[in-house]
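This is coords.cif (mmCIF, C-alpha atoms and all ligand atoms).
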```cif
data_protein
loop_
_atom_site.label_atom_id
_atom_site.label_comp_id
_atom_site.auth_asym_id
_atom_site.auth_seq_id
_atom_site.Cartn_x
_atom_site.Cartn_y
_atom_site.Cartn_z
CA MET A 234 25.47 5.90 -7.58
CA ARG A 235 25.24 2.28 -8.56
CA LYS A 236 28.11 0.32 -7.09
CA GLY A 237 30.34 -1.91 -9.19
CA PRO A 238 31.14 -2.01 -12.88
CA ALA A 239 28.50 -1.78 -15.58
CA GLN A 240 28.63 -3.93 -18.69
CA HIS A 241 27.75 -2.51 -22.08
CA ALA A 242 28.41 -3.27 -25.69
CA ALA A 243 28.70 -0.70 -28.48
CA CYS A 244 25.64 -0.86 -30.79
CA PHE A 245 27.45 -0.63 -34.10
CA ALA A 246 30.71 -1.60 -35.74
CA PHE A 247 33.59 0.77 -35.03
CA SER A 248 33.64 1.64 -38.74
CA MET A 249 30.39 3.57 -38.06
CA ASN A 250 32.21 5.70 -35.46
CA PRO A 251 30.14 4.88 -32.38
CA GLU A 252 30.82 6.80 -29.19
CA LEU A 253 30.23 6.35 -25.50
CA GLN A 254 29.80 9.29 -23.15
CA VAL A 255 29.56 9.29 -19.38
CA ASP A 256 28.94 12.61 -17.63
CA PHE A 257 28.84 13.26 -13.91
CA HIS A 258 26.69 16.38 -13.52
CA THR A 259 26.65 18.52 -10.42
CA GLU A 260 23.50 20.05 -8.98
CA ALA A 261 24.06 23.09 -11.19
CA ASN A 262 23.09 21.30 -14.34
CA THR A 263 25.46 23.12 -16.67
CA ASN A 264 28.44 21.87 -14.66
CA ILE A 265 30.05 18.52 -15.33
CA ALA A 266 32.50 17.30 -12.73
CA PHE A 267 33.70 14.49 -14.96
CA HIS A 268 33.13 13.99 -18.68
CA PHE A 269 34.38 10.73 -20.19
CA ARG A 270 33.96 10.34 -23.94
CA VAL A 271 35.11 7.37 -25.94
CA TYR A 272 35.58 7.66 -29.70
CA PHE A 273 35.80 3.90 -30.13
CA ASP A 274 38.97 2.71 -31.79
CA LYS A 275 40.38 6.29 -31.84
CA CYS A 276 40.81 8.02 -28.50
CA VAL A 277 39.35 8.85 -25.12
CA VAL A 278 38.72 12.44 -24.05
CA MET A 279 38.21 13.50 -20.43
CA ASN A 280 37.28 16.94 -19.22
CA SER A 281 35.06 18.97 -16.89
CA ARG A 282 32.70 21.86 -17.65
CA LYS A 283 31.97 24.83 -15.44
CA GLY A 284 29.57 27.69 -16.20
CA GLY A 285 29.24 26.44 -19.78
CA SER A 286 33.01 26.39 -20.46
CA TRP A 287 35.07 23.27 -20.92
CA GLY A 288 38.31 22.95 -18.94
CA GLU A 289 41.61 21.62 -20.20
CA GLU A 290 41.11 18.40 -22.13
CA VAL A 291 42.87 15.21 -21.10
CA LYS A 292 43.23 12.98 -24.15
CA SER A 293 44.45 9.41 -24.38
CA SER A 294 44.95 7.24 -27.40
CA VAL A 295 45.11 4.12 -25.25
CA MET A 296 42.21 2.07 -26.62
CA PRO A 297 41.22 -1.02 -24.65
CA PHE A 298 37.78 -1.30 -26.33
CA LYS A 299 37.50 -3.90 -29.07
CA ASP A 300 35.20 -3.84 -32.09
CA GLY A 301 32.08 -5.94 -31.45
CA GLN A 302 33.22 -6.93 -27.96
CA PRO A 303 31.28 -6.29 -24.74
CA PHE A 304 33.18 -4.25 -22.19
CA GLU A 305 33.15 -3.58 -18.52
CA LEU A 306 33.77 -0.02 -17.36
CA GLY A 307 34.34 0.92 -13.74
CA ILE A 308 34.66 4.48 -12.43
CA LEU A 309 36.20 4.75 -9.02
CA VAL A 310 35.96 8.09 -7.19
CA LEU A 311 39.28 8.47 -5.38
CA SER A 312 40.21 11.42 -3.18
CA LYS A 313 42.27 13.16 -5.88
CA GLU A 314 40.96 11.69 -9.10
CA TYR A 315 38.46 9.57 -10.98
CA GLN A 316 39.91 6.26 -11.95
CA VAL A 317 38.30 4.68 -14.97
CA SER A 318 39.15 1.07 -15.48
CA SER A 319 38.41 -1.38 -18.21
CA PRO A 320 39.75 -4.94 -18.02
CA SER A 321 43.07 -3.96 -19.54
CA GLN A 322 43.58 -0.26 -18.91
CA SER A 323 43.01 2.60 -16.48
CA PHE A 324 42.49 6.30 -17.22
CA LEU A 325 43.01 8.93 -14.55
CA TYR A 326 41.38 12.34 -14.28
CA PRO A 327 41.94 14.65 -11.31
CA ASN A 328 38.69 15.54 -9.58
CA ASN A 329 40.12 18.78 -8.22
CA GLN A 330 41.21 20.58 -11.34
CA LYS A 331 44.30 22.53 -10.35
CA LYS A 332 44.04 25.72 -12.44
CA GLY A 333 41.18 27.47 -10.69
CA GLY A 334 38.64 24.82 -11.58
CA TRP A 335 37.05 22.33 -9.25
CA ALA A 336 37.49 22.36 -5.55
CA THR A 337 37.06 19.06 -3.78
CA THR A 338 33.75 20.27 -2.34
CA PRO A 339 31.59 17.34 -1.29
CA GLY A 340 28.61 19.01 -3.01
CA LEU A 341 30.37 18.62 -6.33
CA ALA A 342 30.71 14.88 -5.97
CA PRO A 343 27.86 13.26 -7.90
CA LEU A 344 27.54 10.29 -5.59
CA ASN A 345 23.81 10.13 -5.03
CA HIS A 346 22.40 9.16 -8.36
CA SER A 347 23.20 6.83 -11.20
CA CYS A 348 24.20 8.30 -14.56
CA LEU A 349 24.64 4.90 -16.15
CA PRO A 350 21.90 3.23 -18.17
CA TRP A 351 20.94 -0.34 -17.42
CA GLN A 352 22.75 -3.12 -19.09
CA VAL A 353 21.38 -4.38 -22.41
CA PRO A 354 20.65 -7.23 -22.95
CA TYR A 355 18.86 -7.13 -19.63
CA THR A 356 18.04 -10.63 -18.37
CA LYS A 357 16.13 -11.50 -15.23
CA SER A 358 14.70 -14.68 -13.70
CA VAL A 359 10.99 -14.15 -13.16
CA SER A 360 7.70 -15.80 -12.42
CA LEU A 361 4.84 -14.28 -14.42
CA PRO A 362 1.54 -15.91 -13.50
CA VAL A 363 -1.79 -14.35 -14.52
CA GLY A 364 -2.10 -10.95 -12.82
CA SER A 365 1.60 -10.08 -13.16
CA PHE A 366 2.72 -6.81 -14.70
CA VAL A 367 6.05 -5.98 -16.31
CA LYS A 368 6.95 -2.31 -16.63
CA ILE A 369 9.88 -1.30 -18.83
CA LYS A 370 11.07 2.29 -19.12
CA GLY A 371 13.59 3.28 -21.74
CA THR A 372 14.50 5.40 -24.74
CA PRO A 373 15.42 4.30 -28.27
CA ALA A 374 19.23 4.43 -28.43
CA MET A 375 19.34 6.12 -31.82
CA SER A 376 17.24 8.06 -34.27
CA PHE A 377 14.46 6.10 -36.03
CA SER A 378 16.23 6.84 -39.34
CA MET A 379 18.87 4.31 -38.19
CA ASN A 380 16.24 1.55 -37.78
CA PRO A 381 16.59 0.81 -34.08
CA GLU A 382 14.66 -2.09 -32.56
CA LEU A 383 13.42 -3.18 -29.17
CA GLN A 384 12.90 -6.81 -28.25
CA VAL A 385 11.29 -8.36 -25.20
CA ASP A 386 11.24 -12.14 -24.82
CA PHE A 387 9.54 -14.25 -22.18
CA HIS A 388 11.52 -17.50 -22.05
CA THR A 389 10.22 -20.73 -20.57
CA GLU A 390 12.34 -23.13 -18.55
CA ALA A 391 13.45 -24.85 -21.74
CA ASN A 392 15.61 -22.03 -23.00
CA THR A 393 14.83 -22.53 -26.68
CA ASN A 394 11.14 -21.81 -26.07
CA ILE A 395 9.73 -18.30 -26.02
CA ALA A 396 6.18 -17.91 -24.72
CA PHE A 397 6.00 -14.29 -25.84
CA HIS A 398 8.27 -12.50 -28.30
CA PHE A 399 7.64 -8.76 -28.72
CA ARG A 400 9.78 -7.01 -31.29
CA VAL A 401 9.45 -3.34 -32.17
CA TYR A 402 10.80 -2.06 -35.46
CA PHE A 403 10.52 1.56 -34.34
CA ASP A 404 8.40 3.74 -36.59
CA LYS A 405 7.46 0.73 -38.75
CA CYS A 406 5.69 -2.15 -37.04
CA VAL A 407 5.51 -4.50 -34.11
CA VAL A 408 5.89 -8.25 -34.48
CA MET A 409 4.71 -10.73 -31.85
CA ASN A 410 5.27 -14.45 -31.86
CA SER A 411 6.22 -17.51 -29.82
CA ARG A 412 8.95 -20.09 -30.43
CA LYS A 413 8.81 -23.79 -29.66
CA GLY A 414 11.58 -26.32 -30.20
CA GLY A 415 13.52 -23.76 -32.25
CA SER A 416 10.63 -22.95 -34.63
CA TRP A 417 8.69 -19.71 -34.74
CA GLY A 418 4.90 -19.91 -34.65
CA GLU A 419 2.44 -17.81 -36.58
CA GLU A 420 3.46 -14.16 -36.54
CA VAL A 421 1.10 -11.44 -35.27
CA LYS A 422 1.98 -8.10 -36.85
CA SER A 423 0.68 -4.63 -36.05
CA THR A 424 1.35 -1.25 -37.59
CA VAL A 425 0.06 0.58 -34.51
CA MET A 426 3.10 2.69 -33.64
CA PRO A 427 2.89 4.70 -30.42
CA PHE A 428 6.68 5.01 -30.02
CA LYS A 429 8.13 8.43 -30.89
CA ASP A 430 11.56 9.22 -32.31
CA GLY A 431 13.93 10.36 -29.56
CA GLN A 432 11.23 10.08 -26.87
CA PRO A 433 11.35 7.94 -23.74
CA PHE A 434 8.68 5.24 -23.55
CA GLU A 435 6.94 3.27 -20.86
CA LEU A 436 6.04 -0.25 -21.90
CA GLY A 437 3.71 -2.33 -19.73
CA ILE A 438 2.93 -6.01 -20.28
CA LEU A 439 -0.06 -7.30 -18.35
CA VAL A 440 -0.53 -11.05 -17.99
CA LEU A 441 -4.28 -11.62 -18.42
CA SER A 442 -5.95 -15.04 -18.22
CA LYS A 443 -6.24 -15.49 -21.99
CA GLU A 444 -3.58 -13.16 -23.37
CA TYR A 445 -0.72 -10.73 -22.85
CA GLN A 446 -1.80 -7.12 -23.11
CA VAL A 447 0.85 -4.58 -24.10
CA ILE A 448 0.36 -1.01 -22.93
CA VAL A 449 2.54 1.80 -24.33
CA ASN A 450 2.63 5.16 -22.52
CA GLY A 451 -0.62 4.27 -20.75
CA SER A 452 -2.58 3.14 -23.86
CA PRO A 453 -3.41 -0.52 -24.53
CA CYS A 454 -1.93 -1.18 -27.98
CA TYR A 455 -1.45 -4.91 -28.61
CA THR A 456 -2.65 -8.29 -27.39
CA PHE A 457 -1.16 -11.74 -27.89
CA PRO A 458 -3.18 -14.85 -26.93
CA HIS A 459 -1.35 -17.35 -24.69
CA ARG A 460 0.27 -20.24 -26.53
CA PHE A 461 2.12 -21.43 -23.41
CA ASP A 462 0.93 -21.57 -19.82
CA PRO A 463 2.12 -18.19 -18.47
CA LYS A 464 3.35 -20.07 -15.38
CA SER A 465 6.00 -21.75 -17.54
CA VAL A 466 7.79 -18.40 -18.10
CA LYS A 467 11.03 -18.33 -16.13
CA MET A 468 13.14 -15.58 -17.64
CA ILE A 469 12.63 -12.21 -19.28
CA GLN A 470 15.05 -10.59 -21.67
CA VAL A 471 14.92 -6.98 -22.88
CA TRP A 472 17.40 -6.02 -25.56
CA ARG A 473 18.45 -4.45 -28.88
CA ASP A 474 18.79 -0.70 -29.49
CA VAL A 475 17.39 0.84 -26.33
CA SER A 476 18.75 2.61 -23.32
CA LEU A 477 16.87 1.24 -20.29
CA THR A 478 15.94 3.27 -17.25
CA SER A 479 14.10 0.57 -15.30
CA VAL A 480 12.48 -2.84 -15.53
CA ILE A 481 9.96 -3.58 -12.81
CA ILE A 482 8.11 -6.86 -12.31
CA ALA A 483 5.01 -6.61 -10.12
C1 LIG A 501 11.92 -13.37 -37.72
C2 LIG A 501 13.05 -12.77 -36.91
C3 LIG A 501 13.01 -13.34 -35.50
C4 LIG A 501 11.65 -13.15 -34.91
C5 LIG A 501 10.59 -13.75 -35.81
C6 LIG A 501 9.19 -13.51 -35.24
O1 LIG A 501 11.84 -12.74 -38.97
O2 LIG A 501 14.28 -13.10 -37.50
O3 LIG A 501 13.99 -12.71 -34.69
O4 LIG A 501 11.39 -11.77 -34.74
O5 LIG A 501 10.66 -13.15 -37.09
O6 LIG A 501 8.20 -14.03 -36.07
#
```
Could you write out this file's structure as structure tokens?
Ligand code: GAL
Amino acid sequence: MRKGPAQHAACFAFSMNPELQVDFHTEANTNIAFHFRVYFDKCVVMNSRKGGSWGEEVKSSVMPFKDGQPFELGILVLSKEYQVSSPSQSFLYPNNQKKGGWATTPGLAPLNHSCLPWQVPYTKSVSLPVGSFVKIKGTPAMSFSMNPELQVDFHTEANTNIAFHFRVYFDKCVVMNSRKGGSWGEEVKSTVMPFKDGQPFELGILVLSKEYQVIVNGSPCYTFPHRFDPKSVKMIQVWRDVSLTSVIIA
């Protein structure tokens, strides 16, 4: 499990009833040692599930999450309980359910893998000379009917400049551009749409000598000629409505 708190922000206004769910699954995939579900601005529900049946629900109307505000959520595995903490509040859930539920068997503790998606916006300092490859794995965070987007920006040292801007309007089009001194350049638009509703994707960006080549699920789909020296790129940002699994720079 990844150590330390993860930072996330809800994707929509609370008036649209967004939710957050964190589940700690055991090796038997139907079992959930700890289920933490936030109905933003309403309540928090905690539970466990064994053999397909939910246990006794623990509900709290304490609501430390704020509309439009990023939050930090930490889950500490203590000997008798999970302790969930946000900056202002803690929730407790026993990890050995008393009424014939969970035993504190080490095998039930989901400590070896991460259930948490990567933080979005994801920002990383990079060097991307010709020959570099960026590989991004993720899944659109919502159905295409809700118009999710994905954006990848290659920033130069001067933070206002973007050497490569790649924006996906899922199921519609892809827009590529660069930005210099606060002004966007000439837009390159494509209606090639290899992304699939609800499906994970693998996005590769290859830095060639004359252009960036974008590869989606193994197929070359888009190119964007260099407008900046690729060596001037210092930072990559991946953001908008996606749940990220990994970002690898090679
Ligand atoms: C604009 C949009 C920017 C950027 C730009 C690219 O319409 O607001 O975020 O995507 O197009 O040309």
Using all atoms listed in the file, which residues sit within 9 Å of segment 403-415 of chain A once same-chain residues fewer than 2 positions away are excluded, as a PDB file with C-alpha atoms, in the frame of the given file?
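selection-v4.pdb written:
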```pdb
ATOM      1  CA  PRO A 373      15.420   4.300 -28.270  1.00  0.00           C
ATOM      2  CA  PHE A 377      14.460   6.100 -36.030  1.00  0.00           C
ATOM      3  CA  SER A 378      16.230   6.840 -39.340  1.00  0.00           C
ATOM      4  CA  ASN A 380      16.240   1.550 -37.780  1.00  0.00           C
ATOM      5  CA  PRO A 381      16.590   0.810 -34.080  1.00  0.00           C
ATOM      6  CA  GLU A 382      14.660  -2.090 -32.560  1.00  0.00           C
ATOM      7  CA  LEU A 383      13.420  -3.180 -29.170  1.00  0.00           C
ATOM      8  CA  ASP A 386      11.240 -12.140 -24.820  1.00  0.00           C
ATOM      9  CA  PHE A 387       9.540 -14.250 -22.180  1.00  0.00           C
ATOM     10  CA  ALA A 391      13.450 -24.850 -21.740  1.00  0.00           C
ATOM     11  CA  THR A 393      14.830 -22.530 -26.680  1.00  0.00           C
ATOM     12  CA  ASN A 394      11.140 -21.810 -26.070  1.00  0.00           C
ATOM     13  CA  ILE A 395       9.730 -18.300 -26.020  1.00  0.00           C
ATOM     14  CA  ALA A 396       6.180 -17.910 -24.720  1.00  0.00           C
ATOM     15  CA  PHE A 397       6.000 -14.290 -25.840  1.00  0.00           C
ATOM     16  CA  HIS A 398       8.270 -12.500 -28.300  1.00  0.00           C
ATOM     17  CA  PHE A 399       7.640  -8.760 -28.720  1.00  0.00           C
ATOM     18  CA  ARG A 400       9.780  -7.010 -31.290  1.00  0.00           C
ATOM     19  CA  VAL A 401       9.450  -3.340 -32.170  1.00  0.00           C
ATOM     20  CA  TRP A 417       8.690 -19.710 -34.740  1.00  0.00           C
ATOM     21  CA  GLY A 418       4.900 -19.910 -34.650  1.00  0.00           C
ATOM     22  CA  GLU A 419       2.440 -17.810 -36.580  1.00  0.00           C
ATOM     23  CA  GLU A 420       3.460 -14.160 -36.540  1.00  0.00           C
ATOM     24  CA  VAL A 421       1.100 -11.440 -35.270  1.00  0.00           C
ATOM     25  CA  LYS A 422       1.980  -8.100 -36.850  1.00  0.00           C
ATOM     26  CA  SER A 423       0.680  -4.630 -36.050  1.00  0.00           C
ATOM     27  CA  THR A 424       1.350  -1.250 -37.590  1.00  0.00           C
ATOM     28  CA  VAL A 425       0.060   0.580 -34.510  1.00  0.00           C
ATOM     29  CA  MET A 426       3.100   2.690 -33.640  1.00  0.00           C
ATOM     30  CA  PRO A 427       2.890   4.700 -30.420  1.00  0.00           C
ATOM     31  CA  PHE A 428       6.680   5.010 -30.020  1.00  0.00           C
ATOM     32  CA  LYS A 429       8.130   8.430 -30.890  1.00  0.00           C
ATOM     33  CA  ASP A 430      11.560   9.220 -32.310  1.00  0.00           C
ATOM     34  CA  TYR A 455      -1.450  -4.910 -28.610  1.00  0.00           C
ATOM     35  CA  THR A 456      -2.650  -8.290 -27.390  1.00  0.00           C
ATOM     36  CA  PHE A 457      -1.160 -11.740 -27.890  1.00  0.00           C
ATOM     37  CA  ARG A 460       0.270 -20.240 -26.530  1.00  0.00           C
ATOM     38  CA  PHE A 461       2.120 -21.430 -23.410  1.00  0.00           C
TER      39      PHE A 461
END
```
When you draw a straight line from atom CA of Glu305 of chain A to atom CA of Val466 of chain A, how long is it in Å?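 Interatomic distance, atom CA of Glu305 of chain A to atom CA of Val466 of chain A: 29.4 Å.
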Give me, please, the distance in Å between atom CA of Thr389 of chain A and atom CA of Ser465 of chain A, quoted to one decimal.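 Between atom CA of Thr389 of chain A and atom CA of Ser465 of chain A the gap works out to 5.3 Å.
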Which centre and which edge lengths, in Å to one decimal, describe the axis-aligned box that holds all listed atoms of segment 451-455 of chain A after 5 Å is added on each side, as JSON?
```
{"center_x": -2.0, "center_y": -0.3, "center_z": -24.7, "size_x": 12.8, "size_y": 19.2, "size_z": 17.9}
```
Distance criterion (only C-alpha atoms and all ligand atoms): nearest to ligand LIG 501 (chain A) out of A:Val449, A:Val385, A:Cys276, A:Val255: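 So, comparing all the options, the nearest one is A:Val385.
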Which residue out of A:His258, A:Gln384, A:Val359, A:Met468 has the minimum interatomic distance to ligand LIG 501 (chain A) when only C-alpha atoms and all ligand atoms are used?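 Of A:His258, A:Gln384, A:Val359, A:Met468, the one nearest ligand LIG 501 (chain A), counting only C-alpha atoms and all ligand atoms, is A:Gln384.
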Of the residues A:Leu306, A:Val363, A:Ile482, A:Met279, which is the one nearest to Lys443 of chain A, using only C-alpha atoms?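 Checking each candidate against Lys443 of chain A, we get A:Val363 as the closest.
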Measure the distance from atom O1 of ligand LIG 501 (chain A) to atom CA of Pro362 of chain A in Å and round it to one decimal. 27.7 Å
Please return segment 412-425 of chain A, rebuilt to N, CA and C atoms, as a short mmCIF file (atom, residue, chain, number, x, y, z; two decimals), in the coordinates of the input.
```
data_model
loop_
_atom_site.label_atom_id
_atom_site.label_comp_id
_atom_site.auth_asym_id
_atom_site.auth_seq_id
_atom_site.Cartn_x
_atom_site.Cartn_y
_atom_site.Cartn_z
N ARG A 412 8.01 -19.14 -29.80
CA ARG A 412 8.95 -20.09 -30.43
C ARG A 412 8.98 -21.37 -29.64
N LYS A 413 8.82 -22.48 -30.34
CA LYS A 413 8.81 -23.79 -29.66
C LYS A 413 9.75 -24.73 -30.38
N GLY A 414 10.63 -25.36 -29.61
CA GLY A 414 11.58 -26.32 -30.20
C GLY A 414 12.37 -25.70 -31.34
N GLY A 415 12.70 -24.41 -31.23
CA GLY A 415 13.52 -23.76 -32.25
C GLY A 415 12.73 -23.20 -33.42
N SER A 416 11.41 -23.46 -33.49
CA SER A 416 10.63 -22.95 -34.63
C SER A 416 9.66 -21.85 -34.20
N TRP A 417 9.63 -20.79 -35.00
CA TRP A 417 8.69 -19.71 -34.74
C TRP A 417 7.28 -20.14 -35.11
N GLY A 418 6.31 -19.64 -34.35
CA GLY A 418 4.90 -19.91 -34.65
C GLY A 418 4.38 -18.91 -35.66
N GLU A 419 3.06 -18.74 -35.64
CA GLU A 419 2.44 -17.81 -36.58
C GLU A 419 2.63 -16.39 -36.06
N GLU A 420 3.12 -15.53 -36.94
CA GLU A 420 3.46 -14.16 -36.54
C GLU A 420 2.20 -13.29 -36.42
N VAL A 421 2.17 -12.44 -35.40
CA VAL A 421 1.10 -11.44 -35.27
C VAL A 421 1.76 -10.09 -35.47
N LYS A 422 1.32 -9.35 -36.48
CA LYS A 422 1.98 -8.10 -36.85
C LYS A 422 1.01 -6.93 -36.66
N SER A 423 1.52 -5.81 -36.19
CA SER A 423 0.68 -4.63 -36.05
C SER A 423 1.43 -3.39 -36.51
N THR A 424 0.71 -2.50 -37.18
CA THR A 424 1.35 -1.25 -37.59
C THR A 424 1.00 -0.11 -36.64
N VAL A 425 0.30 -0.44 -35.54
CA VAL A 425 0.06 0.58 -34.51
C VAL A 425 1.42 0.99 -33.97
#
```
